[in-house]
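These notes are about the structure you will find just below.
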2 protein chains.
Amino acid sequence: MKNDLLLEKSIRNIHGFPKPGIIFRDVTTLAQNSVAFRRSVNLLAKKYQGRKIDKVVGAEARGFIFASALAHKIGAGFIPVRKEGKLPHKTISTSYELEYGKDTLEIHKDAIAAGERILIIDDLLATGGTIEAVIRLIKKLQGKIIGIGFIIELVDLKGRDKLKGYPVFSLLKFHER
Amino acid sequence: MKNDLLLEKSIRNIHGFPKPGIIFRDVTTLAQNSVAFRRSVNLLAKKYQGRKIDKVVGAEARGFIFASALAHKIGAGFIPVRKEGKLPHKTISTSYELEYGKDTLEIHKDAIAAGERILIIDDLLATGGTIEAVIRLIKKLQGKIIGIGFIIELVDLKGRDKLKGYPVFSLLKFHER
């Protein structure tokens, strides 16, 4: 499937960020464009129509933008997954590898009841490490993952391979890094 | 005006967090409750109906949750204000005092065109320091601030006094710290 041109054009390409050879796909220019922002969330809503989503999970911080707008649009709750120490109540946590070192993500222990139908939404699928961690958190709480949706997928980084067994959807696919 | 009971009950009160004597008002329990989340965003949308908002600005990270859902609901763009070094393109920045030390917030330089009608949305009005900083950023870009809306206002901390000259609205008012 070809990229939606309006959405694709609303992404800012920053060459050489964060390091030489990389094209950074900046989703903030999509979000600040009212037409593109509306369309992106509405297309996600259409994709998951009729799937009876109880809650949409978003990861700190850019993930919040699309996950919460979609949650509101489809009448679901919104759950934040945050960096260590940011959530005020009892949490469970998991760590994942970064290029250098590791990072820890947390979710409130009572954010999901066993069997609830969960949709994960994030802005970007790159190597998939963050979302793997989010999946672990949801599974510990016995949530049922209905789907995983992204605004942008960097296809060459093969993040999809890490998410096997889950239905993955992305609005925009980019092939160069 | 009395607090909406459904919304008020959806807030989790955490006694003694982050330190003894403080009651922390946890808005994540409101967001994860689909009925309360929907109602909170719809009440904000109703409040700003007909005000021709171009863009809604939210501050990292909890502010994103409500600002982006509202932006989508009213057909506006969403603009993130972030901590130093998080935005990938050219930014302007401003610093503000914390209880200990200071913090810096940034906005993309081209996020707002001169004269655009801007709504600021955040989860919590406490002392108002963060929002003062957000106002400075928007004014530097010559945005026109139409209103400032919060889910929760901690009335006794008098954040409203710092925001004089701007129409401030909050869905829930709490009187004890």
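Ordering of the structure tokens sets the chain letters (A, B, ...), residue numbers begin anew at 1 in every chain, and ligands are numbered from 1 in the order given.
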Hand me chain A as it sits after a least-squares fit onto chain B over every Cα, paired in order, written as a tab-separated table (two decimals) with C-alpha atoms, in the first residue's frame.
```tsv
chain	number	residue	atom	x	y	z
A	1	MET	CA	-19.05	25.85	40.83
A	2	LYS	CA	-18.98	22.38	42.36
A	3	ASN	CA	-16.72	19.67	41.02
A	4	ASP	CA	-18.23	17.16	38.60
A	5	LEU	CA	-18.56	14.13	40.89
A	6	LEU	CA	-17.75	11.47	38.32
A	7	LEU	CA	-14.56	13.29	37.40
A	8	GLU	CA	-13.62	14.00	41.00
A	9	LYS	CA	-14.07	10.37	42.00
A	10	SER	CA	-11.91	9.21	39.09
A	11	ILE	CA	-8.88	11.02	40.54
A	12	ARG	CA	-6.67	8.91	42.81
A	13	ASN	CA	-5.53	10.68	45.97
A	14	ILE	CA	-2.10	9.54	47.09
A	15	HIS	CA	-1.34	10.70	50.62
A	16	GLY	CA	2.25	11.55	51.46
A	17	PHE	CA	3.52	11.63	47.86
A	18	PRO	CA	6.03	12.95	46.89
A	19	LYS	CA	6.56	13.95	50.54
A	20	PRO	CA	4.74	13.86	53.91
A	21	GLY	CA	1.77	16.20	54.21
A	22	ILE	CA	1.11	16.35	50.47
A	23	ILE	CA	-1.90	14.76	48.79
A	24	PHE	CA	-0.90	13.93	45.23
A	25	ARG	CA	-3.82	14.11	42.79
A	26	ASP	CA	-3.21	11.32	40.28
A	27	VAL	CA	-4.85	12.05	36.96
A	28	THR	CA	-3.87	8.72	35.37
A	29	THR	CA	-6.91	7.06	36.95
A	30	LEU	CA	-9.12	9.62	35.21
A	31	ALA	CA	-7.43	8.99	31.84
A	32	GLN	CA	-7.67	5.20	32.09
A	33	ASN	CA	-11.40	5.43	32.87
A	34	SER	CA	-13.01	5.67	29.43
A	35	VAL	CA	-16.12	7.48	30.70
A	36	ALA	CA	-14.21	10.03	32.77
A	37	PHE	CA	-11.60	10.57	30.06
A	38	ARG	CA	-14.25	11.17	27.44
A	39	ARG	CA	-16.16	13.52	29.70
A	40	SER	CA	-13.10	15.57	30.69
A	41	VAL	CA	-12.04	16.21	27.09
A	42	ASN	CA	-15.60	16.86	25.95
A	43	LEU	CA	-16.11	19.42	28.72
A	44	LEU	CA	-12.95	21.23	27.66
A	45	ALA	CA	-14.12	21.13	24.04
A	46	LYS	CA	-17.45	22.64	25.07
A	47	LYS	CA	-15.68	25.36	27.05
A	48	TYR	CA	-13.66	26.48	24.01
A	49	GLN	CA	-16.36	25.92	21.40
A	50	GLY	CA	-16.49	28.64	18.75
A	51	ARG	CA	-13.18	30.18	19.84
A	52	LYS	CA	-11.41	29.28	16.58
A	53	ILE	CA	-8.40	27.61	18.15
A	54	ASP	CA	-5.61	26.97	15.63
A	55	LYS	CA	-3.34	24.94	17.89
A	56	VAL	CA	-3.36	23.38	21.34
A	57	VAL	CA	-0.07	23.42	23.25
A	58	GLY	CA	0.73	20.73	25.82
A	59	ALA	CA	3.76	20.42	28.10
A	60	GLU	CA	5.77	17.21	28.49
A	61	ALA	CA	4.63	14.65	29.42
A	62	ARG	CA	1.24	14.42	31.17
A	63	GLY	CA	0.07	17.59	29.45
A	64	PHE	CA	0.29	15.78	26.11
A	65	ILE	CA	-2.51	13.42	27.14
A	66	PHE	CA	-5.25	16.03	27.42
A	67	ALA	CA	-3.90	18.62	24.99
A	68	SER	CA	-3.65	16.18	22.08
A	69	ALA	CA	-7.03	14.53	22.68
A	70	LEU	CA	-8.63	17.97	22.82
A	71	ALA	CA	-6.76	19.19	19.74
A	72	HIS	CA	-8.10	16.25	17.77
A	73	LYS	CA	-11.62	16.70	19.12
A	74	ILE	CA	-11.81	20.38	18.11
A	75	GLY	CA	-9.92	20.00	14.82
A	76	ALA	CA	-6.81	21.92	15.89
A	77	GLY	CA	-3.13	21.07	15.60
A	78	PHE	CA	-1.15	19.86	18.58
A	79	ILE	CA	2.19	21.36	19.66
A	80	PRO	CA	4.48	19.75	22.23
A	81	VAL	CA	6.56	21.83	24.64
A	82	ARG	CA	9.42	19.61	25.76
A	83	LYS	CA	12.38	19.42	28.08
A	84	GLU	CA	15.74	20.57	26.74
A	85	GLY	CA	17.21	18.56	23.88
A	86	LYS	CA	14.13	16.49	23.06
A	87	LEU	CA	12.84	18.34	19.99
A	88	PRO	CA	14.74	17.50	16.79
A	89	HIS	CA	14.54	20.79	14.88
A	90	LYS	CA	15.33	24.44	15.63
A	91	THR	CA	13.89	25.53	18.96
A	92	ILE	CA	13.57	28.49	21.25
A	93	SER	CA	13.86	27.87	24.97
A	94	THR	CA	13.15	29.38	28.36
A	95	SER	CA	14.11	28.45	31.90
A	96	TYR	CA	12.04	28.50	35.04
A	97	GLU	CA	12.67	28.01	38.75
A	98	LEU	CA	11.85	24.76	40.50
A	99	GLU	CA	11.78	24.21	44.24
A	100	TYR	CA	15.42	23.14	43.89
A	101	GLY	CA	17.28	24.33	40.81
A	102	LYS	CA	15.75	25.14	37.47
A	103	ASP	CA	14.45	23.50	34.34
A	104	THR	CA	14.39	24.43	30.67
A	105	LEU	CA	11.50	24.06	28.24
A	106	GLU	CA	11.63	24.25	24.44
A	107	ILE	CA	9.28	24.68	21.52
A	108	HIS	CA	9.98	24.32	17.81
A	109	LYS	CA	10.68	27.75	16.32
A	110	ASP	CA	8.25	27.16	13.45
A	111	ALA	CA	5.51	25.53	15.52
A	112	ILE	CA	3.46	28.73	15.70
A	113	ALA	CA	2.98	31.43	13.06
A	114	ALA	CA	2.52	35.02	14.26
A	115	GLY	CA	-1.11	35.65	15.20
A	116	GLU	CA	-2.20	32.03	15.45
A	117	ARG	CA	-4.82	31.38	18.11
A	118	ILE	CA	-3.38	29.16	20.81
A	119	LEU	CA	-4.93	27.22	23.66
A	120	ILE	CA	-2.70	25.89	26.46
A	121	ILE	CA	-3.86	22.69	28.14
A	122	ASP	CA	-2.19	20.96	31.07
A	123	ASP	CA	-3.24	18.32	33.55
A	124	LEU	CA	-2.47	20.29	36.72
A	125	LEU	CA	-2.25	23.89	37.88
A	126	ALA	CA	-0.09	23.97	41.01
A	127	THR	CA	2.26	26.96	41.47
A	128	GLY	CA	1.99	27.86	37.78
A	129	GLY	CA	5.73	27.97	37.04
A	130	THR	CA	5.60	25.57	34.11
A	131	ILE	CA	2.72	27.37	32.44
A	132	GLU	CA	4.38	30.77	32.90
A	133	ALA	CA	7.31	29.34	30.92
A	134	VAL	CA	4.97	27.97	28.26
A	135	ILE	CA	3.36	31.41	27.93
A	136	ARG	CA	6.77	33.02	27.40
A	137	LEU	CA	7.55	30.57	24.60
A	138	ILE	CA	4.24	31.20	22.84
A	139	LYS	CA	4.62	34.97	23.14
A	140	LYS	CA	8.13	34.85	21.67
A	141	LEU	CA	6.57	33.21	18.62
A	142	GLN	CA	3.79	35.83	18.62
A	143	GLY	CA	0.98	33.37	19.17
A	144	LYS	CA	-2.26	34.76	20.57
A	145	ILE	CA	-3.19	32.93	23.79
A	146	ILE	CA	-6.96	32.39	23.83
A	147	GLY	CA	-7.13	30.46	27.06
A	148	ILE	CA	-5.41	28.17	29.54
A	149	GLY	CA	-7.25	25.04	30.66
A	150	PHE	CA	-6.46	22.45	33.32
A	151	ILE	CA	-7.98	19.21	34.48
A	152	ILE	CA	-7.03	19.91	38.12
A	153	GLU	CA	-6.37	23.15	39.98
A	154	LEU	CA	-4.75	23.11	43.42
A	155	VAL	CA	-6.39	26.32	44.53
A	156	ASP	CA	-4.32	26.95	47.67
A	157	LEU	CA	-1.08	27.10	45.67
A	158	LYS	CA	-2.36	30.24	43.92
A	159	GLY	CA	-1.02	29.39	40.48
A	160	ARG	CA	-3.81	31.52	39.03
A	161	ASP	CA	-2.11	34.65	40.38
A	162	LYS	CA	0.86	34.00	38.09
A	163	LEU	CA	-1.39	33.71	35.04
A	164	LYS	CA	-3.14	37.07	35.40
A	165	GLY	CA	-4.39	38.56	32.16
A	166	TYR	CA	-5.22	35.17	30.67
A	167	PRO	CA	-8.54	33.36	30.94
A	168	VAL	CA	-7.87	30.36	33.18
A	169	PHE	CA	-10.26	27.43	33.42
A	170	SER	CA	-10.08	24.22	35.44
A	171	LEU	CA	-12.40	21.23	35.51
A	172	LEU	CA	-11.67	20.22	39.12
A	173	LYS	CA	-10.67	22.38	42.06
A	174	PHE	CA	-9.02	20.90	45.14
A	175	HIS	CA	-8.47	22.91	48.26
A	176	GLU	CA	-6.16	20.96	50.47
A	177	ARG	CA	-2.67	20.45	49.17
```
Backbone-only DSSP, strand (DSSP E or B) members of range 19-169 of chain A, as JSON, numbers by chain: {"A": [23, 24, 25, 26, 55, 56, 57, 58, 59, 77, 78, 79, 80, 81, 82, 83, 91, 92, 93, 94, 95, 96, 97, 102, 103, 104, 105, 106, 107, 108, 117, 118, 119, 120, 121, 122, 123, 124, 125, 144, 145, 146, 147, 148, 149, 150, 151, 152, 153, 154, 168, 169]}
Residues flagged alpha helix (DSSP H) by DSSP in range 65-140 of chain B, as a PyMOL selection string: chain B and resi 65-74+129-140
Once you have the residues from the selection above, write them out as a compact mmCIF listing (two decimals), in the first residue's frame, restricted to C-alpha atoms.
```txt
# COMPACT_ATOMS: atom_id res chain seq x y z
CA ILE B 65 -2.51 13.43 27.15
CA PHE B 66 -5.25 16.02 27.41
CA ALA B 67 -3.89 18.62 24.98
CA SER B 68 -3.65 16.19 22.08
CA ALA B 69 -7.03 14.53 22.67
CA LEU B 70 -8.63 17.97 22.82
CA ALA B 71 -6.76 19.20 19.73
CA HIS B 72 -8.09 16.24 17.76
CA LYS B 73 -11.61 16.69 19.11
CA ILE B 74 -11.81 20.38 18.11
CA GLY B 129 5.73 27.98 37.04
CA THR B 130 5.60 25.59 34.11
CA ILE B 131 2.72 27.38 32.45
CA GLU B 132 4.39 30.78 32.91
CA ALA B 133 7.30 29.34 30.93
CA VAL B 134 4.97 27.96 28.26
CA ILE B 135 3.35 31.40 27.93
CA ARG B 136 6.77 33.02 27.41
CA LEU B 137 7.55 30.57 24.59
CA ILE B 138 4.23 31.20 22.85
CA LYS B 139 4.62 34.97 23.16
CA LYS B 140 8.12 34.86 21.69
```
